[in-house]
2 protein chains.
Amino acid sequence: MGTTQLEATQDVQEPKYWHLKTVLNDALDSEFSVGEILPNERDLAARFGVARATLRQALEQLELEGRLQRRRGVGTTVAPPRMGVAVGPVDNAWPGIGNDTWRTVGCAEAVAPAAVARLFDSGAGVPVHTIRRERVMNGQPVATELLYVPAESVPGLPGLLSPASHAPAVLRELQRLDLEGEDRAVELGSARAEDAKQLDRLPGAPVLVVTTRYFAAGQVAAVAISTYRADTCRLTFGDTGTVEVTPHEEQERRQAS
Amino acid sequence: MGTTQLEATQDVQEPKYWHLKTVLNDALDSEFSVGEILPNERDLAARFGVARATLRQALEQLELEGRLQRRRGVGTTVAPPRMGVAVGPVDNAWPGIGNDTWRTVGCAEAVAPAAVARLFDSGAGVPVHTIRRERVMNGQPVATELLYVPAESVPGLPGLLSPASHAPAVLRELQRLDLEGEDRAVELGSARAEDAKQLDRLPGAPVLVVTTRYFAAGQVAAVAISTYRADTCRLTFGDTGTVEVTPHEEQERRQAS
DNA sequence: AAGTGGTCTAGACCACATT
DNA sequence: ATGTGGTCTAGACCACTTC
């Protein structure tokens with residue numbers, strides 16, 4: 001990266017932070033390896049002759065693109081390539097089937113929030129089982145999920161359940177139903193406080209929100225709102241089998257730890 | 001939204017811009033309708049008793065979440081709900097089939113850039129036809145795409161073609177092949193200068209990048225890199241038919257224009 | 001205690017669209 | 001010419017991790 005100031009040959013009309021971003025991006029390719037820590041922001045800003053805020057604007061974008069990882073109190077490191085995460089319909093199946101990558105971390109019984117109720121055929125005020133799960137890959141959390149199952153989808157449930165057996169029971173009942181199809185949407189969001197904590201990020205971090213509707217008996221039998229870390233994940237939708245991680249990616253990921 | 005300063009009852013540990021964001025978000029729900037313009041940033045900042053930069057941090061997040069739309073020289077308006085955009089496999093078909101929502105805007109013949117070449121089975125240096133297309137919905141551009149077709153995928157092409165007939169000829173040849181499957185990945189990116197211009201956004205705007213691989217004869221016969229506006233689009237992957245726009249959404253969208 | 005990234009301020013000027 | 005959002009500066013202090 002040298003001692004170079006930003007060249008004065010800069011096109012007008014091109015913001016400094018944008019130019020800076022491409023310079024840094026190139027430097028990451030040629031002069032740094034995955035996991036390496038960069039100089040701190042104050043030094044970098046001085047080296048390029050810009051204010052720290054401007055430097056940060058460039059770093060923010062590079063982090064958004066998954067090139068960098070910044071952690072308060074620690075520093076900025078070069079991020080490994082994004083993980084390919086399968087979100088279906090690889091196994092067109094109910095959640096919780098077999099030994100998948102999800103882990104249940106809690107559950108509750110309540111009325112569906114308005115934004116979720118809209119996804120069900122029945123209107124507002126539907127009582128639902130709410131199951132919180134998290135997904136871990138390569139030893140790091142990549143997603144957190146809220147699975148909403150209307151009580152009427154699983155009528156066979158006994159009345160009172162211990163917290164420990166509640167979630168498994170709901171999933172078991174779900175899996176008895178005949179799954180007719182799934183339906184997914186992906187959009188950009190920012191992590192709510194609770195999600196951010198589980199994903200080991202700050203609130204407001206960019207996330208990919210996957211909304212899945214599970215159909216059974218001509219109705220929406222369950223809805224899952226999955227929140228993926230946008231910086232570390234590439235969501236894959238394989239029609240022709242899972243797109244597996246290439247050996248090259250696998251190697252680079254290992255270097256990071 | 002009132003004349004209210006930010007309440008002093010603010011929890012410590014909660015950043016101002018974060019609190020501000022929730023306040024604004026609630027105000028948007030209750031006191032504004034789609035398409036309405038907000039007070040300008042300097043006024044808003046003064047009204048809430050914060051610096052403009054802090055106010056902007058809140059606005060940026062709301063724009064990222066698709067709640068606001070900001071345009072330089074114009075102002076900040078309340079955004080309509082995101083459009084549901086089908087990205088397949090609704091029609092598991094070659095690009096350019098039938099009357100789809102895509103429009104070809106240019107094409108060229110060159111060697112595939114490294115990042116794209118990696119997606120093909122053949123290594124680097126593959127000669128490809130490059131077709132640029134754009135997707136328009138509800139009268140506004142939502143996506144731009146670069147479609148890469150290796151020359152060896154379409155051997156039946158005559159040598160020299162006029163620019164006008166080039167792209168259609170490539171697509172026509174593609175469609176003669178037997179499509180065995182598709183493969184998609186979605187990740188977050190930021191708009192390159194060229195894409196940003198076509199999407200009517202500033203460079204660096206958040207986008208959802210969809211990478212599609214088309215398989216034929218056991219090979220990757222074509223690759224498409226589609227860039228969707230993350231602020232206005234919700235990508236839908238329908239296994240059970242297209243998820244159509246609800247009447248409610250349709251109405252709100254109309255109010256915006 | 002020292003060093004990191006995260007938040008916040010109060011200004012200035014620029015690019016752009018509209019009048 | 002005016003008003004808007006976009007960029008940039010030079011500081012300050014805070015929250016967090018590590019030593």
# chains A, B, ... in the order shown; residues from 1 in each chain; ligands from 1

$ residues_around --residues "C:DA12" --least-positions-apart "4" --cutoff "12 Å" --atoms "only C-alpha atoms (C1' of nucleotides)" --output "ChimeraX atom specification"
/D:7-10

$ write_last_selection --atoms "C-alpha atoms (C1' of nucleotides)" --output "compact mmCIF listing (two decimals), in the first residue's frame"
# COMPACT_ATOMS: atom_id res chain seq x y z
C1' DT D 7 -19.12 14.91 0.36
C1' DC D 8 -15.50 16.31 3.48
C1' DT D 9 -13.09 18.19 7.47
C1' DA D 10 -10.92 18.32 12.22

$ residues_around --residues "B:Ala112" --least-positions-apart "6" --cutoff "9 Å" --atoms "only C-alpha atoms (C1' of nucleotides)" --output "list in words"
Ala124, Gly125, Val126, Pro127, Val128, His129, Thr130, Tyr148 and Pro150 of chain B

$ write_last_selection --atoms "N, CA and C atoms" --output "CSV table (one decimal), in the first residue's frame"
chain,number,residue,atom,x,y,z
B,124,ALA,N,-9.7,-19.7,-17.3
B,124,ALA,CA,-9.7,-18.3,-17.7
B,124,ALA,C,-9.5,-18.1,-19.2
B,125,GLY,N,-9.7,-16.9,-19.7
B,125,GLY,CA,-9.5,-16.7,-21.1
B,125,GLY,C,-10.5,-17.2,-22.1
B,126,VAL,N,-11.7,-17.5,-21.6
B,126,VAL,CA,-12.8,-18.0,-22.4
B,126,VAL,C,-13.4,-16.8,-23.2
B,127,PRO,N,-13.5,-16.9,-24.5
B,127,PRO,CA,-14.1,-15.9,-25.3
B,127,PRO,C,-15.7,-16.0,-25.1
B,128,VAL,N,-16.3,-14.9,-24.8
B,128,VAL,CA,-17.8,-14.9,-24.5
B,128,VAL,C,-18.5,-13.8,-25.2
B,129,HIS,N,-19.7,-14.0,-25.5
B,129,HIS,CA,-20.6,-13.0,-25.9
B,129,HIS,C,-21.2,-12.3,-24.6
B,130,THR,N,-21.2,-11.0,-24.6
B,130,THR,CA,-21.6,-10.3,-23.4
B,130,THR,C,-22.9,-9.5,-23.8
B,148,TYR,N,-23.4,-13.7,-19.8
B,148,TYR,CA,-22.1,-14.1,-20.5
B,148,TYR,C,-22.4,-15.5,-21.1
B,150,PRO,N,-20.5,-18.2,-23.4
B,150,PRO,CA,-19.2,-18.6,-24.1
B,150,PRO,C,-19.5,-18.9,-25.5

$ calpha_fit_rmsd --fixed "chain A" --moving "chain B"
0.1 Å

$ residues_around --residues "stretch 217-234 of chain B" --least-positions-apart "6" --cutoff "8 Å" --atoms "only C-alpha atoms (C1' of nucleotides)" --output "PyMOL selection string"
(chain A and resi 185-188) or (chain B and resi 63-66+81-85+116+119-121+142-150+153+178+180+191+195+199+205-211)

$ write_last_selection --atoms "C-alpha atoms" --output "short mmCIF file (atom, residue, chain, number, x, y, z; two decimals), in the first residue's frame"
data_model
loop_
_atom_site.label_atom_id
_atom_site.label_comp_id
_atom_site.auth_asym_id
_atom_site.auth_seq_id
_atom_site.Cartn_x
_atom_site.Cartn_y
_atom_site.Cartn_z
CA ALA A 185 -38.47 -14.02 -0.69
CA VAL A 186 -35.16 -12.31 -0.04
CA GLU A 187 -34.68 -8.67 0.84
CA LEU A 188 -32.17 -6.40 2.46
CA GLU B 63 -33.43 4.17 3.05
CA LEU B 64 -31.54 0.87 3.23
CA GLU B 65 -34.66 -0.71 4.65
CA GLY B 66 -36.76 0.63 1.83
CA PRO B 81 -43.53 -0.99 -0.12
CA ARG B 82 -40.92 -2.98 -1.96
CA MET B 83 -41.89 -4.63 -5.20
CA GLY B 84 -41.96 -8.41 -5.28
CA VAL B 85 -39.75 -9.38 -8.21
CA VAL B 116 -16.86 -14.61 -14.27
CA LEU B 119 -17.94 -19.80 -12.86
CA PHE B 120 -17.37 -21.68 -16.08
CA ASP B 121 -15.88 -25.14 -16.20
CA VAL B 142 -35.18 -2.48 -11.01
CA ALA B 143 -32.28 -4.48 -12.35
CA THR B 144 -29.45 -4.53 -14.81
CA GLU B 145 -27.79 -7.69 -16.01
CA LEU B 146 -24.72 -8.94 -17.77
CA LEU B 147 -25.27 -12.24 -19.53
CA TYR B 148 -22.14 -14.15 -20.47
CA VAL B 149 -22.42 -16.81 -23.16
CA PRO B 150 -19.22 -18.63 -24.07
CA SER B 153 -21.96 -22.70 -26.21
CA ASP B 178 -31.51 -28.36 -23.95
CA GLU B 180 -30.84 -29.04 -17.86
CA ALA B 191 -23.56 -0.67 -7.40
CA ASP B 195 -24.91 -0.16 -13.01
CA LEU B 199 -30.63 1.96 -11.99
CA ALA B 205 -25.93 2.13 -3.66
CA PRO B 206 -26.78 -1.23 -2.06
CA VAL B 207 -27.79 -3.89 -4.55
CA LEU B 208 -28.71 -7.54 -4.50
CA VAL B 209 -26.50 -9.44 -6.90
CA VAL B 210 -28.03 -12.60 -8.35
CA THR B 211 -25.64 -15.00 -10.03
#

$ interface_residues --of "chain A" --to "chain D" --cutoff "7 Å" --atoms "only C-alpha atoms (C1' of nucleotides)" --output "MDAnalysis selection string"
chainID A and resid 51 54 72:74

$ residues_around --residues "A:Ala53" --least-positions-apart "5" --cutoff "12 Å" --atoms "only C-alpha atoms (C1' of nucleotides)" --output "ChimeraX atom specification"
/A:16-17,41-42,44-46,58-60 /B:53 /C:5-8 /D:7-11

$ select_by_dssp --residues "stretch 11-142 of chain A" --states "helix (DSSP H, G or I)" --output "PyMOL selection string"
chain A and resi 16-31+41-48+52-64+114-117

$ atom_distance --atom1 "atom CA of B:Gln57" --atom2 "atom CA of B:Ala79"
17.4 Å

$ interface_residues --of "chain A" --to "chain C" --cutoff "12 Å" --atoms "only C-alpha atoms (C1' of nucleotides)" --output "PyMOL selection string"
chain A and resi 12-15+37-43+52-53+56+59-60+69-77+202-203

$ write_last_selection --atoms "N, CA, C and O atoms" --output "mmCIF file, in the first residue's frame"
data_model
loop_
_atom_site.group_PDB
_atom_site.id
_atom_site.type_symbol
_atom_site.label_atom_id
_atom_site.label_comp_id
_atom_site.auth_asym_id
_atom_site.auth_seq_id
_atom_site.Cartn_x
_atom_site.Cartn_y
_atom_site.Cartn_z
ATOM 1 N N VAL A 12 -12.019 14.962 -11.128
ATOM 2 C CA VAL A 12 -13.072 15.629 -10.383
ATOM 3 C C VAL A 12 -14.319 14.789 -10.596
ATOM 4 O O VAL A 12 -14.310 13.847 -11.384
ATOM 5 N N GLN A 13 -15.348 15.079 -9.893
ATOM 6 C CA GLN A 13 -16.605 14.336 -10.042
ATOM 7 C C GLN A 13 -16.534 12.945 -9.432
ATOM 8 O O GLN A 13 -17.548 12.285 -9.334
ATOM 9 N N GLU A 14 -15.349 12.507 -9.073
ATOM 10 C CA GLU A 14 -15.304 11.212 -8.391
ATOM 11 C C GLU A 14 -15.008 11.443 -6.922
ATOM 12 O O GLU A 14 -13.946 11.961 -6.576
ATOM 13 N N PRO A 15 -15.937 11.065 -6.062
ATOM 14 C CA PRO A 15 -15.749 11.280 -4.623
ATOM 15 C C PRO A 15 -14.459 10.636 -4.132
ATOM 16 O O PRO A 15 -14.059 9.582 -4.618
ATOM 17 N N ILE A 37 -4.403 -8.188 9.712
ATOM 18 C CA ILE A 37 -5.011 -6.973 10.236
ATOM 19 C C ILE A 37 -4.417 -5.750 9.554
ATOM 20 O O ILE A 37 -3.226 -5.671 9.278
ATOM 21 N N LEU A 38 -5.293 -4.794 9.259
ATOM 22 C CA LEU A 38 -4.873 -3.544 8.614
ATOM 23 C C LEU A 38 -4.379 -2.561 9.672
ATOM 24 O O LEU A 38 -4.666 -2.718 10.861
ATOM 25 N N PRO A 39 -3.656 -1.532 9.241
ATOM 26 C CA PRO A 39 -3.332 -0.431 10.162
ATOM 27 C C PRO A 39 -4.628 0.173 10.688
ATOM 28 O O PRO A 39 -5.678 0.046 10.058
ATOM 29 N N ASN A 40 -4.569 0.846 11.816
ATOM 30 C CA ASN A 40 -5.797 1.394 12.368
ATOM 31 C C ASN A 40 -6.288 2.595 11.556
ATOM 32 O O ASN A 40 -5.569 3.158 10.745
ATOM 33 N N GLU A 41 -7.526 2.990 11.805
ATOM 34 C CA GLU A 41 -8.176 3.982 10.965
ATOM 35 C C GLU A 41 -7.470 5.332 10.979
ATOM 36 O O GLU A 41 -7.370 5.995 9.955
ATOM 37 N N ARG A 42 -6.949 5.728 12.130
ATOM 38 C CA ARG A 42 -6.285 7.031 12.203
ATOM 39 C C ARG A 42 -5.012 7.032 11.358
ATOM 40 O O ARG A 42 -4.735 7.991 10.636
ATOM 41 N N ASP A 43 -4.267 5.939 11.431
ATOM 42 C CA ASP A 43 -3.052 5.846 10.619
ATOM 43 C C ASP A 43 -3.386 5.816 9.135
ATOM 44 O O ASP A 43 -2.770 6.511 8.338
ATOM 45 N N ARG A 52 -10.660 11.122 8.909
ATOM 46 C CA ARG A 52 -10.999 9.758 9.309
ATOM 47 C C ARG A 52 -12.389 9.372 8.834
ATOM 48 O O ARG A 52 -12.618 8.239 8.414
ATOM 49 N N ALA A 53 -13.313 10.321 8.860
ATOM 50 C CA ALA A 53 -14.682 10.016 8.431
ATOM 51 C C ALA A 53 -14.705 9.561 6.971
ATOM 52 O O ALA A 53 -15.471 8.666 6.602
ATOM 53 N N ARG A 56 -13.402 6.119 6.741
ATOM 54 C CA ARG A 56 -14.401 5.181 7.256
ATOM 55 C C ARG A 56 -15.485 4.896 6.228
ATOM 56 O O ARG A 56 -16.018 3.782 6.163
ATOM 57 N N LEU A 59 -14.122 2.221 4.122
ATOM 58 C CA LEU A 59 -14.074 0.943 4.843
ATOM 59 C C LEU A 59 -15.467 0.334 4.994
ATOM 60 O O LEU A 59 -15.649 -0.871 4.877
ATOM 61 N N GLU A 60 -16.441 1.204 5.271
ATOM 62 C CA GLU A 60 -17.813 0.726 5.431
ATOM 63 C C GLU A 60 -18.279 -0.028 4.190
ATOM 64 O O GLU A 60 -18.881 -1.091 4.278
ATOM 65 N N GLN A 69 -13.529 -7.081 7.689
ATOM 66 C CA GLN A 69 -14.285 -7.324 8.895
ATOM 67 C C GLN A 69 -13.737 -6.410 9.972
ATOM 68 O O GLN A 69 -12.531 -6.366 10.193
ATOM 69 N N ARG A 70 -14.603 -5.623 10.591
ATOM 70 C CA ARG A 70 -14.121 -4.693 11.609
ATOM 71 C C ARG A 70 -14.720 -5.068 12.951
ATOM 72 O O ARG A 70 -15.890 -5.400 13.047
ATOM 73 N N ARG A 71 -13.911 -5.022 13.973
ATOM 74 C CA ARG A 71 -14.437 -5.287 15.313
ATOM 75 C C ARG A 71 -13.927 -4.266 16.316
ATOM 76 O O ARG A 71 -12.716 -4.046 16.425
ATOM 77 N N ARG A 72 -14.881 -3.668 17.001
ATOM 78 C CA ARG A 72 -14.557 -2.620 17.969
ATOM 79 C C ARG A 72 -13.584 -3.142 19.011
ATOM 80 O O ARG A 72 -13.766 -4.239 19.538
ATOM 81 N N GLY A 73 -12.595 -2.350 19.305
ATOM 82 C CA GLY A 73 -11.638 -2.738 20.324
ATOM 83 C C GLY A 73 -10.563 -3.667 19.811
ATOM 84 O O GLY A 73 -9.574 -3.918 20.487
ATOM 85 N N VAL A 74 -10.751 -4.160 18.587
ATOM 86 C CA VAL A 74 -9.794 -5.130 18.055
ATOM 87 C C VAL A 74 -9.064 -4.579 16.834
ATOM 88 O O VAL A 74 -7.860 -4.357 16.869
ATOM 89 N N GLY A 75 -9.824 -4.347 15.774
ATOM 90 C CA GLY A 75 -9.181 -3.845 14.565
ATOM 91 C C GLY A 75 -9.922 -4.269 13.315
ATOM 92 O O GLY A 75 -11.012 -4.838 13.371
ATOM 93 N N THR A 76 -9.324 -3.984 12.182
ATOM 94 C CA THR A 76 -9.918 -4.320 10.891
ATOM 95 C C THR A 76 -9.097 -5.414 10.231
ATOM 96 O O THR A 76 -7.886 -5.293 10.114
ATOM 97 N N THR A 77 -9.767 -6.485 9.841
ATOM 98 C CA THR A 77 -9.054 -7.604 9.231
ATOM 99 C C THR A 77 -9.601 -7.886 7.842
ATOM 100 O O THR A 77 -10.709 -7.485 7.505
ATOM 101 N N LEU A 202 -23.081 -5.542 15.399
ATOM 102 C CA LEU A 202 -23.738 -4.408 16.026
ATOM 103 C C LEU A 202 -25.140 -4.253 15.441
ATOM 104 O O LEU A 202 -25.383 -4.641 14.295
ATOM 105 N N PRO A 203 -26.042 -3.680 16.234
ATOM 106 C CA PRO A 203 -27.380 -3.406 15.710
ATOM 107 C C PRO A 203 -27.286 -2.567 14.439
ATOM 108 O O PRO A 203 -26.427 -1.703 14.320
#

$ closest_residue --among "B:Thr236, B:Gln198, B:Asn25, B:Ser122" --to "chain A" --atoms "only C-alpha atoms"
B:Thr236

$ atom_distance --atom1 "atom CA of A:Leu68" --atom2 "atom CA of B:Leu62"
23.5 Å

$ atom_distance --atom1 "atom CA of B:Val170" --atom2 "atom CA of B:Pro155"
9.8 Å

$ select_by_dssp --residues "stretch 65-112 of chain A" --states "strand (DSSP E)" --output "number ranges by chain"
A: 68-71, 75-78, 83-86, 102-111

$ closest_residue --among "B:Ala108, B:Leu235, B:Ala115, B:Leu24" --to "chain A" --atoms "only C-alpha atoms"
B:Leu235
